[in-house]
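What follows is one structure encoded as structure tokens, with my remarks underneath.
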4 protein chains.
Amino acid sequence: MIGHQTRRPGAHFLQLPGPTTTPQRVMEAIARPTINHRGPEFRDLTVEALEGIRAIFRTSGSVIIYPSSGTGAWEAALVNALSPGDAVLMYETGWFSTLWCRLARKIGLEPELIPGDWRTPVDAEAIGQRLREDKARRIKAVCVVHNETSTGVTSDLAAVRRAIDEAGHPALLMVDLVSSLASIDYRHDEWGVDVAVGGSQKGLMLPPGLSFNALSDKALAASRSARLTRSYWDWAEMLEANARGFFPYTPAINLLQGLREAIAMLQEEGLDAVFARHRRAAAATRAAVAQWGFETQCRDAAAHSPVLTAVRMPDGVSADAVRESALERCNMSLGNGLGQLDDKVFRIGHLGDFSDALVLGTIAATEAALAFAGVSHRTGGTEAAIALLTGQRAAQPGELAA
Amino acid sequence: MIGHQTRRPGAHFLQLPGPTTTPQRVMEAIARPTINHRGPEFRDLTVEALEGIRAIFRTSGSVIIYPSSGTGAWEAALVNALSPGDAVLMYETGWFSTLWCRLARKIGLEPELIPGDWRTPVDAEAIGQRLREDKARRIKAVCVVHNETSTGVTSDLAAVRRAIDEAGHPALLMVDLVSSLASIDYRHDEWGVDVAVGGSQKGLMLPPGLSFNALSDKALAASRSARLTRSYWDWAEMLEANARGFFPYTPAINLLQGLREAIAMLQEEGLDAVFARHRRAAAATRAAVAQWGFETQCRDAAAHSPVLTAVRMPDGVSADAVRESALERCNMSLGNGLGQLDDKVFRIGHLGDFSDALVLGTIAATEAALAFAGVSHRTGGTEAAIALLTGQRAAQPGELAA
Amino acid sequence: MIGHQTRRPGAHFLQLPGPTTTPQRVMEAIARPTINHRGPEFRDLTVEALEGIRAIFRTSGSVIIYPSSGTGAWEAALVNALSPGDAVLMYETGWFSTLWCRLARKIGLEPELIPGDWRTPVDAEAIGQRLREDKARRIKAVCVVHNETSTGVTSDLAAVRRAIDEAGHPALLMVDLVSSLASIDYRHDEWGVDVAVGGSQKGLMLPPGLSFNALSDKALAASRSARLTRSYWDWAEMLEANARGFFPYTPAINLLQGLREAIAMLQEEGLDAVFARHRRAAAATRAAVAQWGFETQCRDAAAHSPVLTAVRMPDGVSADAVRESALERCNMSLGNGLGQLDDKVFRIGHLGDFSDALVLGTIAATEAALAFAGVSHRTGGTEAAIALLTGQRAAQPGELAA
Amino acid sequence: MIGHQTRRPGAHFLQLPGPTTTPQRVMEAIARPTINHRGPEFRDLTVEALEGIRAIFRTSGSVIIYPSSGTGAWEAALVNALSPGDAVLMYETGWFSTLWCRLARKIGLEPELIPGDWRTPVDAEAIGQRLREDKARRIKAVCVVHNETSTGVTSDLAAVRRAIDEAGHPALLMVDLVSSLASIDYRHDEWGVDVAVGGSQKGLMLPPGLSFNALSDKALAASRSARLTRSYWDWAEMLEANARGFFPYTPAINLLQGLREAIAMLQEEGLDAVFARHRRAAAATRAAVAQWGFETQCRDAAAHSPVLTAVRMPDGVSADAVRESALERCNMSLGNGLGQLDDKVFRIGHLGDFSDALVLGTIAATEAALAFAGVSHRTGGTEAAIALLTGQRAAQPGELAA
């Protein structure tokens with residue numbers, strides 16, 4: 001080692017699976033003066049932002065925008081469509097599915113969590129099976145996480161929809177898109193999702209502070225008779241105010257300014273190109289991980305997440321030590337292991353606004369962090385990533401999945 | 001009239017009673033790259049922001065910071081400390097007191113609103129009277145708005161506290177500081193307030209998106225047995241996570257970056273100087289209004305708001321026409337009349353970050369807007385304001401009140 | 001006086017006759033990452049900036065952009081078109097004409113300065129007279145300042161052109177547009193100017209750091225045989241490199257990014273509307289000055305500058321004391337007196353990007369500064385300005401001049 | 001190859017040997033409102049900027065700051081200290097030494113350029129030899145480039161000083177630090193340099209638009225009798241105005257705001273740490289180049305530049321094609337070959353504000369660009385760089401030179 005820097009020059013590499021780096025163009029829009037949220041200019045902003053976000057969800061229905069974190073939108077989905085004591089069927093994909101389940105219980109629902117191993121996607125068949133058993137139709141909603149941010153496993157939402165339909169069960173389908181929205185292919189209307197939950201700080205390339213609910217007509221209908229208490233999260237008041245171009249309370253104006261710009265950028269690139277770019281970065285990252293000799297947390301090749309890669313450290317190796325090296329030596333933040341994965345995995349984010357150069361810099365800096373931390377590994381990970389990105393090496397089965 | 005501009009050069013004058021203009025220094029902090037909300041740098045930010053905001057509330061107790069609008073913090077105050085069916089005593093100071101009352105009813109409380117005329121402050125005596133009648137102690141909280149943003153009337157919170165104490169009533173005292181925090185003298189501990197509700201987009205000079213609850217020990221104790229459903233707003237989870245320097249869910253990181261900077265600016269100027277600056281601007285504005293020959297919505301000289309002046313238009317004169325002239329001709333936003341004051345008043349904001357030059361520009365542009373709109377008025381308002389600011393004319397009784 | 005602020009909250013009012021306030025939109029363009037000055041994106045920038053600036057000068061000829069202050073462009077005009085010992089005829093309009101003359105002498109020319117009183121514009125007739133006397137055609141250039149920034153007097157360039165033509169003299173016409181470009185009507189081709197000198201920090205609304213030479217064919221022809229030493233300022237190398245979309249040395253890339261944006265803003269508003277806006281602000285300012293009972297430095301009603309007003313203080317009154325009050329009490333910078341006008345005048349800038357609200361705020365704050373400084377004056381200046389802007393009072397003869 | 005992006009998401013990697021990436025903190029300072037260049041706040045800025053830049057040059061003497069590109073400071077060095085017809089001795093290190101020579105001739109000097117091969121540093125011995133031959137002391141200055149930006153070769157300035165001294169020759173020593181200032185160790189006073197020339201857009205991490213002359217007493221003395229024409233570049237006027245805290249003409253105010261911040265950042269890191277960081281990045285880059293199987297343009301191991309690496313392509317391979325791939329596929333700008341090196345080398349910049357992650361990203365993206373462009377090379381370059389940075393591989397002789 002040649003030298004050791006005691007402070008951290010250079011722009012920080014924020015390679016978390018969210019929040020992600022906000023592009024300059026979006027940050028400029030956010031940093032422009034706050035406008036009058038009751039004036040004509042704001043009305044235009046509301047209309048454009050709502051129209052744009054519907055396109056991102058690929059829905060012709062309504063999308064609600066909250067000034068809150070994604071957790072608020074989780075709560076909003078439940079309190080608007082359900083009543084005290086309703087059973088909801090959830091699936092344990094990892095940390096975030098568990099949190100959503102806990103939230104459901106806390107607000108007076110009766111969630112049932114189908115156990116999972118945190119390494120594989122939602123088993124749609126198990127959901128169908130459970131629904132078929134629910135002869136009494138006690139289950140009012142099925143809630144699944146599209147991309148489990150704690151593990152890097154992406155589930156097949158269309159398959160869940162089919163399982164519900166095949167079971168002939170009337171439950172609503174609610175999905176958490178927090179870390180997949182605008183990064184992984186999602187089709188709200190086509191896939192028949194009833195309530196989708198999104199956040200601003202991932203694929204939308206904004207700072208945290210906005211969250212979303214995309215609704216189906218069925219969800220809206222359900223909300224009319226749903227009896228859980230709600231006020232801040234109330235869809236009805238939002239929709240009524242939005243129809244006039246405004247909000248029922250002061251919205252996060254500056255983030256809305258940024259949202260409009262972020263959506264414009266996504267549309268300029270094209271959503272399909274955005275999704276392909278994420279899959280490509282993920283494949284490159286996994287090629288590096290394989291070369292290093294580590295396992296990914298995801299063990300289903302077809303379910304590898306396009307937006308993050310959770311890397312399992314061998315027994316006895318601290319994942320946090322690698323993250324600390326990455327931070328101290330390379331000025332790069334990697335995501336930590338959550339819940340049962342604490343200190344066992346680190347998570348490399350590859351979502352939002354990035355280039356090949358950034359992806360390669362992230363992989364190379366991770367490889368350097370492994371070395372700095374003294375973690376035994378096979379070198380050549382970055383070369384494998386370069387080979388994959390430049391087409392010198394074909395993607396392996398599963399590498400382009402999800 | 002010499003010319004007519006069809007577009008609007010120059011920086012916009014955002015003279016609403018909130019959101020206010022965010023100073024460059026604060027906007028820079030907001031526009032800096034989002035940092036890892038689970039990293040060491042963020043922990044420092046949490047600690048500093050919480051310590052700073054406590055000083056702003058003048059409390060040694062806990063303050064909760066939500067990623068939400070102020071409306072969320074209204075809800076948070078109620079759901080943490082109260083149980084379904086609890087009676088709460090509110091006071092109709094104007095539009096916002098009415099909205100808070102409606103919210104209370106919506107989430108399952110039984111609010112009782114003491115009627116007011118929207119032109120005078122809270123009558124502490126009436127509150128004391130009502131509490132004395134409440135032999136059964138059914139009333140669990142008294143909720144009042146410190147500065148009613150719809151009318152420009154400021155109420156005496158210490159007097160409300162005394163009234164409660166003199167009635168020997170155990171009700172909690174909850175106050176809405178949304179448009180007074182960091183602009184009007186407030187002393188959480190000294191005045192014995194149990195829950196105070198604040199927002200980011202007024203005196204704190206931030207864009208909307210953060211809200212606050214300042215708590216007393218009594219409120220915290222009440223929250224332990226309170227039974228209204230809560231999750232996003234739950235104080236207990238916040239306090240537990242904050243104690244470790246973090247948040248239970250992704251906070252509005254960039255706004256927290258801005259909050260730290262805004263607090264530093266307030267402390268550099270000194271809170272008392274900040275309050276005096278607001279009172280001074282208010283006195284100048286009222287001097288102008290008096291010269292123009294209009295009434296302020298507030299008709300209690302001792303209760304004039306330091307942060308906004310609501311100007312009543314004579315019968316038959318559209319206040320919105322004046323606002324439209326201000327916008328179209330002078331590139332300045334004024335606040336509109338809310339609820340029953342729709343089109344009857346316009347509101348001049350003088351809060352947040354401003355200089356004498358800006359105050360005078362606002363007043364002069366309002367005077368110009370009156371002329372552009374063809375509203376009959378006595379000229380000389382701006383001269384009256386200059387005279388007051390420069391000490392050529394003494395402030396009249398009440399002009400420095402509140 | 002109610003209070004006294006010891007620091008300066010609020011955005012600063014930079015009411016100098018330059019540098020002016022850079023609009024957010026332009027500052028954003030400047031603050032974007034520096035681009036490769038040898039890459040394709042930069043080539044587009046060069047082409048657009050050059051095309052745009054030609055439209056601002058109203059010329060179909062060449063415009064040179066230097067990374068320098070306006071002083072550099074003064075020098076450039078002379079060294080490219082003239083030879084050692086050449087006589088140049090200049091006219092003393094004020095401080096800046098004197099400086100240009102000094103520069104000419106310093107680089108080896110023989111300037112002759114027609115004396116002026118610093119209160120009236122260029123006397124074209126005197127120039128014509130002098131040229132007619134120059135039978136030997138020793139005078140190679142006539143150099144005049146379009147808008148004398150030290151006095152607020154604007155000269156008639158077309159009249160100077162006519163005087164030269166009527167004298168049948170071959171001298172080049174060189175004009176200083178530093179404080180008039182993009183603020184006062186200027187027509188390079190129509191008026192037959194040979195070399196025009198501009199700067200970025202006035203009507204172009206940019207920070208200082210760019211300067212300009214607009215050329216006629218005659219000037220270009222003269223440059224081919226001119227023998228003053230030149231390298232950095234050499235037109236020929238610039239034009240050759242510009243033709244390929246680049247510069248002969250590293251240009252001020254970020255300011256060019258801003259220039260493109262500033263030009264777009266000017267074109268959106270329309271140059272004629274921009275000029276009218278300046279004249280209107282000037283008339284309002286002069287109405288205030290008249291009401292206060294002061295003289296303007298300009299005493300030719302037809303020559304009042306649209307971009308600044310130099311206000312003469314009565315004998316024994318310090319103009320700098322007013323400026324100091326403006327700064328300390330109102331957070332506003334006014335321009336100081338230069339040269340023989342030191343401490344005798346203050347200068348109010350009304351150029352660049354401004355609204356009626358800002359103009360009125362500037363005037364009102366100036367009136368307040370007079371009061372704070374204890375300078376005896378008639379009040380009502382701001383009212384006079386409001387009356388003028390809103391058409392309640394007709395502009396007096398000369399108020400809309402220039 | 002998996003996909004092909006048709007536009008360029010992600011932040012651009014500006015890996016030129018200047019201009020470099022301006023850190024956010026510096027760009028914020030630049031984008032703050034322009035301040036009054038005749039006010040007290042500006043005076044403080046002048047004093048701090050001048051004091052700071054002296055520390056960067058490691059001189060207790062005077063430093064001049066020009067609003068110009070570095071080319072202007074080249075000219076300034078010559079015109080202030082020399083007279084028409086003076087001989088100056090220069091050394092051909094590459095493109096920029098040639099340009100400086102051309103400039104000298106253009107302004108009336110008689111430069112003599114000792115030929116070089118563009119691959120090796122200044123031969124101090126040759127300079128000493130030539131000076132010893134100059135019995136008539138016709139040579140008034142020796143001008144050398146510290147770091148030749150076109151080739152990536154750094155010369156030993158102290159050795160040049162010794163050669164002059166050993167020859168007992170009175171010539172001034174002038175050095176071009178444009179691409180070395182604040183990136184490569186430089187000691188103005190200790191090394192006895194008379195005039196040093198710097199620019200803002202390299203190690204100082206600013207956009208282009210400022211340039212510098214650092215002076216010795218001897219240079220100042222020489223300037224008093226030097227007779228080349230000068231005005232804009234005149235040291236005397238600058239020093240006189242600077243002594244009062246101001247400038248003789250409008251300076252590039254916003255860049256000065258940035259300069260103060262950039263200097264603060266350099267001082268926080270420590271100049272020696274900054275220099276070591278550059279050497280380390282250079283060593284990593286050269287390790288990669290060696291592994292790829294290419295030559296660096298520099299063939300003297302002791303003279304490798306810490307700030308850039310010029311990579312020679314094999315015969316028949318277009319360096320520009322690699323740069324185009326880097327731009328189109330990886331969103332990264334690399335420097336092009338200049339003069340005789342056109343299309344034969346590409347230049348990787350590693351200077352200014354960067355982290356290990358950025359260095360590795362640059363190298364990996366360059367390796368990818370080679371592959372995208374179909375240029376035959378040995379893979380593993382990035383691994384070699386990682387090994388070097390992490391200490392798994394010792395730096396080879398010369399890799400840490402200069």
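For the structure tokens, the naming scheme is as follows: chains receive sequential letters (A, B, ...) according to their order of presentation, residues are indexed from 1 within each chain, and ligands are indexed from 1 in presentation order.
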
Could you tell me which residues of chain D sit within 9 Å of chain B when counting only C-alpha atoms, and give me the result as a list of chain:residue names? D:Gln24, D:Arg25, D:Glu28, D:Arg32, D:Pro33

Residues of the last selection are to be written out with all heavy atoms, as a PDB file, in the first residue's frame.
ATOM      1  N   GLN D  24     -18.227  20.026  -5.375  1.00  0.00           N
ATOM      2  CA  GLN D  24     -19.495  20.702  -5.041  1.00  0.00           C
ATOM      3  C   GLN D  24     -19.255  21.917  -4.154  1.00  0.00           C
ATOM      4  O   GLN D  24     -19.831  22.978  -4.371  1.00  0.00           O
ATOM      5  CB  GLN D  24     -20.386  19.693  -4.302  1.00  0.00           C
ATOM      6  CG  GLN D  24     -21.616  20.288  -3.649  1.00  0.00           C
ATOM      7  CD  GLN D  24     -22.883  19.842  -4.330  1.00  0.00           C
ATOM      8  OE1 GLN D  24     -22.846  19.100  -5.300  1.00  0.00           O
ATOM      9  NE2 GLN D  24     -24.008  20.296  -3.829  1.00  0.00           N
ATOM     10  N   ARG D  25     -18.428  21.734  -3.152  1.00  0.00           N
ATOM     11  CA  ARG D  25     -18.190  22.808  -2.192  1.00  0.00           C
ATOM     12  C   ARG D  25     -17.624  24.050  -2.878  1.00  0.00           C
ATOM     13  O   ARG D  25     -17.985  25.181  -2.525  1.00  0.00           O
ATOM     14  CB  ARG D  25     -17.189  22.262  -1.154  1.00  0.00           C
ATOM     15  CG  ARG D  25     -16.922  23.108   0.006  1.00  0.00           C
ATOM     16  CD  ARG D  25     -16.053  22.313   0.990  1.00  0.00           C
ATOM     17  NE  ARG D  25     -15.240  23.206   1.769  1.00  0.00           N
ATOM     18  CZ  ARG D  25     -14.265  22.834   2.595  1.00  0.00           C
ATOM     19  NH1 ARG D  25     -13.996  21.526   2.734  1.00  0.00           N
ATOM     20  NH2 ARG D  25     -13.575  23.719   3.262  1.00  0.00           N
ATOM     21  N   GLU D  28     -20.389  25.568  -5.188  1.00  0.00           N
ATOM     22  CA  GLU D  28     -21.344  26.354  -4.391  1.00  0.00           C
ATOM     23  C   GLU D  28     -20.826  27.778  -4.174  1.00  0.00           C
ATOM     24  O   GLU D  28     -21.577  28.745  -4.278  1.00  0.00           O
ATOM     25  CB  GLU D  28     -21.543  25.713  -3.015  1.00  0.00           C
ATOM     26  CG  GLU D  28     -22.413  24.477  -3.032  1.00  0.00           C
ATOM     27  CD  GLU D  28     -22.448  23.809  -1.661  1.00  0.00           C
ATOM     28  OE1 GLU D  28     -21.845  24.349  -0.695  1.00  0.00           O
ATOM     29  OE2 GLU D  28     -23.071  22.750  -1.546  1.00  0.00           O
ATOM     30  N   ARG D  32     -22.610  31.312  -5.627  1.00  0.00           N
ATOM     31  CA  ARG D  32     -23.244  32.276  -4.721  1.00  0.00           C
ATOM     32  C   ARG D  32     -23.329  33.631  -5.412  1.00  0.00           C
ATOM     33  O   ARG D  32     -22.547  33.927  -6.314  1.00  0.00           O
ATOM     34  CB  ARG D  32     -22.436  32.382  -3.421  1.00  0.00           C
ATOM     35  CG  ARG D  32     -22.755  31.219  -2.512  1.00  0.00           C
ATOM     36  CD  ARG D  32     -21.945  31.201  -1.236  1.00  0.00           C
ATOM     37  NE  ARG D  32     -22.005  29.839  -0.737  1.00  0.00           N
ATOM     38  CZ  ARG D  32     -20.999  29.148  -0.198  1.00  0.00           C
ATOM     39  NH1 ARG D  32     -19.830  29.714  -0.037  1.00  0.00           N
ATOM     40  NH2 ARG D  32     -21.175  27.908   0.183  1.00  0.00           N
ATOM     41  N   PRO D  33     -24.260  34.475  -4.956  1.00  0.00           N
ATOM     42  CA  PRO D  33     -24.416  35.761  -5.637  1.00  0.00           C
ATOM     43  C   PRO D  33     -23.101  36.534  -5.710  1.00  0.00           C
ATOM     44  O   PRO D  33     -22.321  36.560  -4.754  1.00  0.00           O
ATOM     45  CB  PRO D  33     -25.430  36.493  -4.753  1.00  0.00           C
ATOM     46  CG  PRO D  33     -26.228  35.411  -4.112  1.00  0.00           C
ATOM     47  CD  PRO D  33     -25.247  34.284  -3.898  1.00  0.00           C
TER      48      PRO D  33
END

Can you pull out the residues contacting Leu89 of chain D? Cut-off 7 Å, using only C-alpha atoms, and skip same-chain residues under 2 positions away; I want them as a PDB file with C-alpha atoms, in the first residue's frame.
ATOM      1  CA  ALA D  87      16.372  36.586 -26.074  1.00  0.00           C
ATOM      2  CA  TYR D  91      12.984  23.945 -23.869  1.00  0.00           C
ATOM      3  CA  PRO D 111      12.996  32.846 -28.200  1.00  0.00           C
ATOM      4  CA  GLU D 112      15.433  30.015 -28.692  1.00  0.00           C
ATOM      5  CA  LEU D 113      13.906  26.601 -28.241  1.00  0.00           C
ATOM      6  CA  ILE D 139      19.447  35.619 -22.771  1.00  0.00           C
ATOM      7  CA  ALA D 141      15.022  34.523 -19.248  1.00  0.00           C
ATOM      8  CA  VAL D 142      14.896  30.751 -19.164  1.00  0.00           C
ATOM      9  CA  CYS D 143      11.378  29.432 -19.604  1.00  0.00           C
TER      10      CYS D 143
END

Which is closest to Thr366 of chain B among C:Ser150, C:Ala321, C:Leu351, C:Ile386, if we use only C-alpha atoms?
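Among C:Ser150, C:Ala321, C:Leu351, C:Ile386, it is C:Ile386 that comes nearest to Thr366 of chain B.
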
* Asked: Within 8 Å of Phe96 of chain D, counting only C-alpha atoms, which residues qualify if same-chain residues fewer than 4 places away don't, as a list in words?
  ->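 Residues meeting the cut-off are Trp100, Val145, Glu148, Thr149 and Ser150 of chain D.
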
Filtering to N, CA, C and O atoms, could you give me those residues as a short mmCIF file (atom, residue, chain, number, x, y, z; two decimals), in the first residue's frame?
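In the end it all went to again_38.cif:
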data_model
loop_
_atom_site.label_atom_id
_atom_site.label_comp_id
_atom_site.auth_asym_id
_atom_site.auth_seq_id
_atom_site.Cartn_x
_atom_site.Cartn_y
_atom_site.Cartn_z
N TRP D 100 4.19 28.31 -25.99
CA TRP D 100 4.74 29.44 -25.22
C TRP D 100 5.82 30.15 -26.04
O TRP D 100 5.94 31.37 -26.06
N VAL D 145 8.57 24.38 -18.81
CA VAL D 145 7.27 23.88 -18.39
C VAL D 145 7.50 22.82 -17.32
O VAL D 145 8.24 21.87 -17.56
N GLU D 148 4.56 18.95 -18.47
CA GLU D 148 4.11 19.12 -19.85
C GLU D 148 2.82 18.33 -20.04
O GLU D 148 2.81 17.10 -20.07
N THR D 149 1.74 19.07 -20.16
CA THR D 149 0.41 18.46 -20.18
C THR D 149 0.17 17.62 -21.41
O THR D 149 -0.70 16.76 -21.44
N SER D 150 0.95 17.88 -22.46
CA SER D 150 0.71 17.12 -23.69
C SER D 150 1.37 15.75 -23.66
O SER D 150 1.02 14.89 -24.47
#

Legend entry - Picked from segment 117-306 of chain C by DSSP as strand (DSSP E), as a VMD selection string: chain C and resid 139 to 145 147 to 148 153 to 154 172 to 176 195 to 199 211 to 215 295 to 296

Would you list the contacts of Asp176 of chain B as a list of chain:residue names, taking every protein, DNA or RNA residue within 7 Å and counting only C-alpha atoms, but skipping same-chain residues closer than 4 positions in sequence? B:Val144, B:Val145, B:His146, B:Ala196, B:Val197, B:Gly198

Can I get the selection written as a short mmCIF file (atom, residue, chain, number, x, y, z; two decimals), in the first residue's frame, with all heavy atoms?
data_model
loop_
_atom_site.label_atom_id
_atom_site.label_comp_id
_atom_site.auth_asym_id
_atom_site.auth_seq_id
_atom_site.Cartn_x
_atom_site.Cartn_y
_atom_site.Cartn_z
N VAL B 144 -54.93 24.64 20.66
CA VAL B 144 -55.07 25.98 20.12
C VAL B 144 -53.96 26.29 19.13
O VAL B 144 -52.87 25.72 19.19
CB VAL B 144 -55.07 27.06 21.23
CG1 VAL B 144 -56.31 26.93 22.11
CG2 VAL B 144 -53.81 26.99 22.06
N VAL B 145 -54.29 27.21 18.24
CA VAL B 145 -53.34 27.62 17.21
C VAL B 145 -52.64 28.88 17.71
O VAL B 145 -53.30 29.86 18.07
CB VAL B 145 -54.08 27.88 15.89
CG1 VAL B 145 -53.14 28.49 14.86
CG2 VAL B 145 -54.71 26.59 15.37
N HIS B 146 -51.32 28.85 17.73
CA HIS B 146 -50.55 30.00 18.22
C HIS B 146 -50.73 31.21 17.30
O HIS B 146 -51.14 32.27 17.74
CB HIS B 146 -49.07 29.62 18.34
CG HIS B 146 -48.22 30.66 19.01
ND1 HIS B 146 -46.86 30.72 18.84
CD2 HIS B 146 -48.52 31.67 19.85
CE1 HIS B 146 -46.36 31.72 19.55
NE2 HIS B 146 -47.35 32.31 20.17
N ALA B 196 -46.33 20.44 21.01
CA ALA B 196 -46.30 21.55 20.05
C ALA B 196 -46.08 20.98 18.66
O ALA B 196 -45.31 20.02 18.50
CB ALA B 196 -45.18 22.52 20.40
N VAL B 197 -46.73 21.57 17.69
CA VAL B 197 -46.70 21.09 16.32
C VAL B 197 -46.04 22.15 15.44
O VAL B 197 -46.46 23.31 15.45
CB VAL B 197 -48.15 20.87 15.83
CG1 VAL B 197 -48.19 20.58 14.33
CG2 VAL B 197 -48.80 19.75 16.63
N GLY B 198 -45.01 21.76 14.70
CA GLY B 198 -44.32 22.73 13.85
C GLY B 198 -44.13 22.20 12.44
O GLY B 198 -44.32 21.01 12.17
#

Practice problem: Show which residues sit within 12 Å of segment 235-239 of chain B, as a ChimeraX atom specification. Count only C-alpha atoms, and ignore same-chain residues fewer than 3 positions away. | Solution: /A:103,106 /B:46,50,61-67,73,75-81,195,212-215,219-226,230-232,242-251

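Near Ala158 of chain B, within a cut-off of 10 Å and counting only C-alpha atoms, sit the residues Ala124, Ala163, Ile164, Tyr186, Arg187, His188, Glu190, Trp191, Gly192 and Val193 of chain B, with same-chain residues fewer than 5 positions away left out.
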
query: Rounded to one decimal in Å, what is the spacing between atom CA of Leu271 of chain A and atom CA of Pro121 of chain A?
result: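 Interatomic distance, atom CA of Leu271 of chain A to atom CA of Pro121 of chain A: 23.6 Å.
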
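Between atom CA of Thr285 of chain A and atom CA of Leu358 of chain D the separation is 17.0 Å.
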
message = Which residue is closest to Asp217 of chain B? Choose from B:Thr34, B:Ser333, B:Ser60, B:Gln392 and count only C-alpha atoms.
response =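 Once distances to Asp217 of chain B are computed over only C-alpha atoms, the minimum belongs to B:Ser60.
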
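Of the residues listed (C:Thr390, C:Gln297, C:Thr382, C:Ser216), C:Thr390 shows the shortest atom-to-atom separation from Ala369 of chain B; distances use only C-alpha atoms.
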
From the options D:Val88, D:Glu125, D:Leu99, D:Phe275, which residue's atoms come nearest to Arg137 of chain D, counting only C-alpha atoms?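 When distances to Arg137 of chain D are compared using only C-alpha atoms, the smallest one comes from D:Val88.
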
Self-check item: Contact residues around Ala264 of chain C with only C-alpha atoms at 8 Å, ignoring same-chain residues under 4 positions, as a VMD selection string
Solution: chain C and resid 52 260 268

The distance between atom CA of Arg162 of chain A and atom CA of Ala126 of chain A is 12.2 Å

- What residues in segment 143-268 of chain D get the DSSP label helix (DSSP H, G or I)? Please answer as an MDAnalysis selection string. chainID D and resid 157:166 217:225 235:243 253:268

Using only C-alpha atoms, the shortest atom-to-atom distance to Ile263 of chain A among A:Arg38, A:His12, A:His377, A:Arg54 belongs to A:Arg54
